[in-house]
Structures are given as C-alpha cells and as structure tokens.
Amino acid sequence: MFQTYSVFETKIIEATDDGMKEAQNEAVAMLQSGETVALPTETVYGLGADAFNPEAVAKIFAAKERPDFDPLIVHIASYKDLKEVADVPPEIEDAVKKLANEFWPGPLTILLPKTAKVPSIVTSGLPTVGVRVSGHPIFRGINQALGRPIAAPSANRFGRISPTSASAVMKELGGRIPLIVDAGACCEGVESTIISIAPREGKKPFFYLHRAGPITKEQLQVFGKVEKVKPGDKLQAPGQLESHYAPLTPFRLISKPEDFTPEPGKTYGLLSYKGEEGGEFVRMHEWDSVVALSPGSGKLAEAAIRLFYAMREMDEMGLDEIIAEPVSETGLGVAIMDRLRRASAS
Ligand code: TXA
Ligand code: MG
C-alpha cells in the first residue's frame, strides 16, 4: 500500500533564539530538495513536505506507513495564499473569510474544494483539501520562506500517539526522516479542529465538525450552526478511524470507578484527570503509577497540552494496562475525550 521509507541519520536542529535563522534556512533547503522535515506547530509536530511536489509528499506516506486513503492537511503561510490551494465557492466565501479572520493563524482546518495545482496524492484523490495557517512562528516562517504550501500530517507512525516534542518525533520517525526542527513543546497539545461548511439560505451556514480540537464548538457557533459528523457518516474524515492514538500498552477509558475490576498479578496505571484531589478514581485501587493531566485544578487547556506526553510516558512504563478516567466533556474537553476514546478503541 505504501513505498518503503529511506534510511536516514536523523538530525535534530534547535530553533532557539540564536539558531532560529539557521534552523529555518536548513528546513527550507531540505523542503526545496524534495525531502520531508518534522516541524513544530502550535498543536502537534507535523511531518512537512512541499505540497506541490508529489514525490516529496509520497515520502510522508512512506515514513509514517500511512495508508494512501488518508489525506493530508495543507498549511499556507497566510489567508492570501488560500486561492493557490482552494477554489472557494462564492456561497461560502463570506463564512471562510470570517473564520480566517477570527481563527487564522491557528488550529482550525477548513475542508474546501481543491485547485488543480494540489496533487491528488495530497488529498487521497478527494476533490477537497484541508487547509490551515499554523499559528507557530517557526512553522509559519518556514512556510513563508519556502513560498509554497506545506503538506503536513502529525509526525507519528500511522495510528500511534501524536508527538508534542522533538524527542517524541525522534522516537516515532528517527531513522526515517532527515531532519527535525526542535522548538520545544507544542502549546495546544491536540490536533486542529476540522470543519467543512455548507451554506444555508438566509441563515448562518452549517459547520460540520469532522474532528474536535482546540477551536471549540462554542467558539465556532458565533459564525455558524455546528453539526457533529457521526462515526460511519460519509462526511467523516477518512483518516479518523475509530482506533487511533494507540499506545502499545493496552489502554482503556472507563466512565466510573465501578467499571474497573483488577485482575490479580497485573500492573495498572491510572491516567488521571486531576490526580489526588480529583478523588475517587485515584483512591479506588493501589495503582502502580498515577499520572495526572491537570493536577488539582482540572484545567482543560493544561490537560490538552499534557495529554499525548502523558500517554507516551505511561506507555513506556511497562504496565499491563493503562486505565484512563474521563475529563469534563465541555469546551476543549470534547477534543480530549475524542482522543481518549480512540486510544481506547484499539
Ligand atoms: O493540528 C493538525 O491538524 C496537525 C498539524 C501538523 O497541522 N496535523 C494533523 O494531520 O493532525 P493528520 O494527518 O494527523 O490529521 C489530519 C486529518 C486526518 O484524519 C485526515 O483524514 C483529515 O484530516 N483530512 C485531511 N484532508 C481531508 C479531506 N480533504 N477530507 C476529509 N478529511 C481530511
Ligand atoms: Mg495524525
């Protein structure tokens, strides 16, 4: 289904204050030469390639072992570049403009009809393309300097936990890609919100929510009526398989403490929402390890930032099973619960 990847000695270059320009130049040169580069975004690290170069894009699929039916998101440096990649229908032009004005640069991906310039490998043959402007200054700077759109999925092997640090990228794709630009931890922690838009006569448009993310339903509904895309719906993002974000350790989301019965002799870790102060889940068992997403306060923004990091950390503990407790499913909690459910579905 995919080509085999080339073997590289993966280099990590730090985009710190002094090294910023050098990191940027090196990344741009690598992208220009038709290679892939792992880049920081505000959500998770992405594996980027020149979106207009189909051979370069094929290397993304190979490195990730990603099936060819799972399309990539295209990143543009600013709204004015949108016409390069998308033919926005006049009926939704106003809505797109308002959304871009409010949320770009930022973690909102909009599905739009693609232009002929976007190679079909990028969209897995679909007539639509997912587009966003990253809010990360390093990513955007590279996007701008390259002067071309960057196709970039999350920089993990297919189906695995998304990386929120350069070291996580190294664990996922080390030896398969030539370069990682390290700009520290990602500040959102979960992938962008994905929507498509349908116009409505005389009313605000429908926004179909294909993936919950940092831009919440509450934020979107100022501009349109948000409708959830249900699993199995043909509108669903094709790569949004029920099982995703899967640690190698068995992982189970439970909704109440009574749902857990330990098996004798097995080791269990708890991925807790608030930790000690959260209460009942922590106290219900002598856990071999407890990792809290937002210790004490249960701040959803903090829980989102720590989610993939914590899942990865627990996956490396050699436990027999990881049990996750739910977070409150409001605002950003919707995106967190989506990731926990998919990790649990494997
Ligand atoms: O925050 C993000 O969105 C990160 C950073 C790197 O930008 N990217 C990301 O990409 O999460 P990825 O490939 O891991 O997830 C993109 C999702 C997939 O589920 C894919 O199926 C869906 O977007 N997608 C992309 N293009 C699509 C299209 N034309 N129609 C429907 N779904 C699409
Ligand atoms: Mg992904």
# chains A, B, ... in the order shown; residues from 1 in each chain; ligands from 1
call {"tool": "residues_around", "arguments": {"residues": "Pro89 of chain A", "least_positions_apart": "4", "cutoff": "12 Å", "atoms": "only C-alpha atoms", "output": "ChimeraX atom specification"}}
result
/A:83,93-97,111-115,128,197-199
call {"tool": "residues_near_ligand", "arguments": {"ligand": "ligand 2", "cutoff": "9 Å", "atoms": "only C-alpha atoms and all ligand atoms", "output": "mmCIF file with C-alpha atoms, in the first residue's frame"}}
result
data_model
loop_
_atom_site.group_PDB
_atom_site.id
_atom_site.type_symbol
_atom_site.label_atom_id
_atom_site.label_comp_id
_atom_site.auth_asym_id
_atom_site.auth_seq_id
_atom_site.Cartn_x
_atom_site.Cartn_y
_atom_site.Cartn_z
ATOM 1 C CA VAL A 44 1.487 18.830 17.495
ATOM 2 C CA GLY A 46 3.979 17.787 11.780
ATOM 3 C CA PRO A 153 0.220 15.283 8.980
ATOM 4 C CA SER A 154 1.181 14.660 12.596
ATOM 5 C CA ALA A 155 4.764 13.345 12.772
ATOM 6 C CA ASN A 156 3.996 9.897 14.194
ATOM 7 C CA ARG A 157 3.785 6.453 12.672
ATOM 8 C CA PHE A 158 0.250 5.764 11.470
ATOM 9 C CA GLY A 159 -2.236 5.112 14.269
ATOM 10 C CA ARG A 160 0.207 5.989 17.046
ATOM 11 C CA ILE A 161 0.297 8.827 19.576
ATOM 12 C CA SER A 162 0.853 12.280 18.064
ATOM 13 C CA GLU A 191 -4.578 18.467 16.676
ATOM 14 C CA GLY A 239 -8.309 9.010 8.441
ATOM 15 C CA GLN A 240 -10.421 9.402 11.549
ATOM 16 C CA HIS A 244 -6.114 5.897 16.737
ATOM 17 C CA TYR A 245 -3.590 7.497 19.081
#
call {"tool": "closest_residue", "arguments": {"among": "A:Phe61, A:Phe260, A:Phe8, A:Phe251", "to": "ligand 1", "atoms": "only C-alpha atoms and all ligand atoms"}}
result
A:Phe61
call {"tool": "residues_around", "arguments": {"residues": "Arg252 of chain A", "least_positions_apart": "5", "cutoff": "7 Å", "atoms": "only C-alpha atoms", "output": "count of residues only"}}
result
4
call {"tool": "closest_residue", "arguments": {"among": "A:Glu172, A:Asp18, A:Glu321, A:Glu42", "to": "Pro250 of chain A", "atoms": "only C-alpha atoms"}}
result
A:Glu321
call {"tool": "residues_near_ligand", "arguments": {"ligand": "ligand 1", "cutoff": "8 Å", "atoms": "only C-alpha atoms and all ligand atoms", "output": "ChimeraX atom specification"}}
result
/A:39-48,69-75,107-109,111-112,122-124,126-132,134,152-155,162,190-194,210-211,235-241
call {"tool": "atom_distance", "arguments": {"atom1": "atom CA of Gly275 of chain A", "atom2": "atom CA of Leu253 of chain A"}}
result
15.6 Å
call {"tool": "residues_around", "arguments": {"residues": "Leu179 of chain A", "least_positions_apart": "3", "cutoff": "7 Å", "atoms": "only C-alpha atoms", "output": "VMD selection string"}}
result
chain A and resid 10 to 12 37 to 38
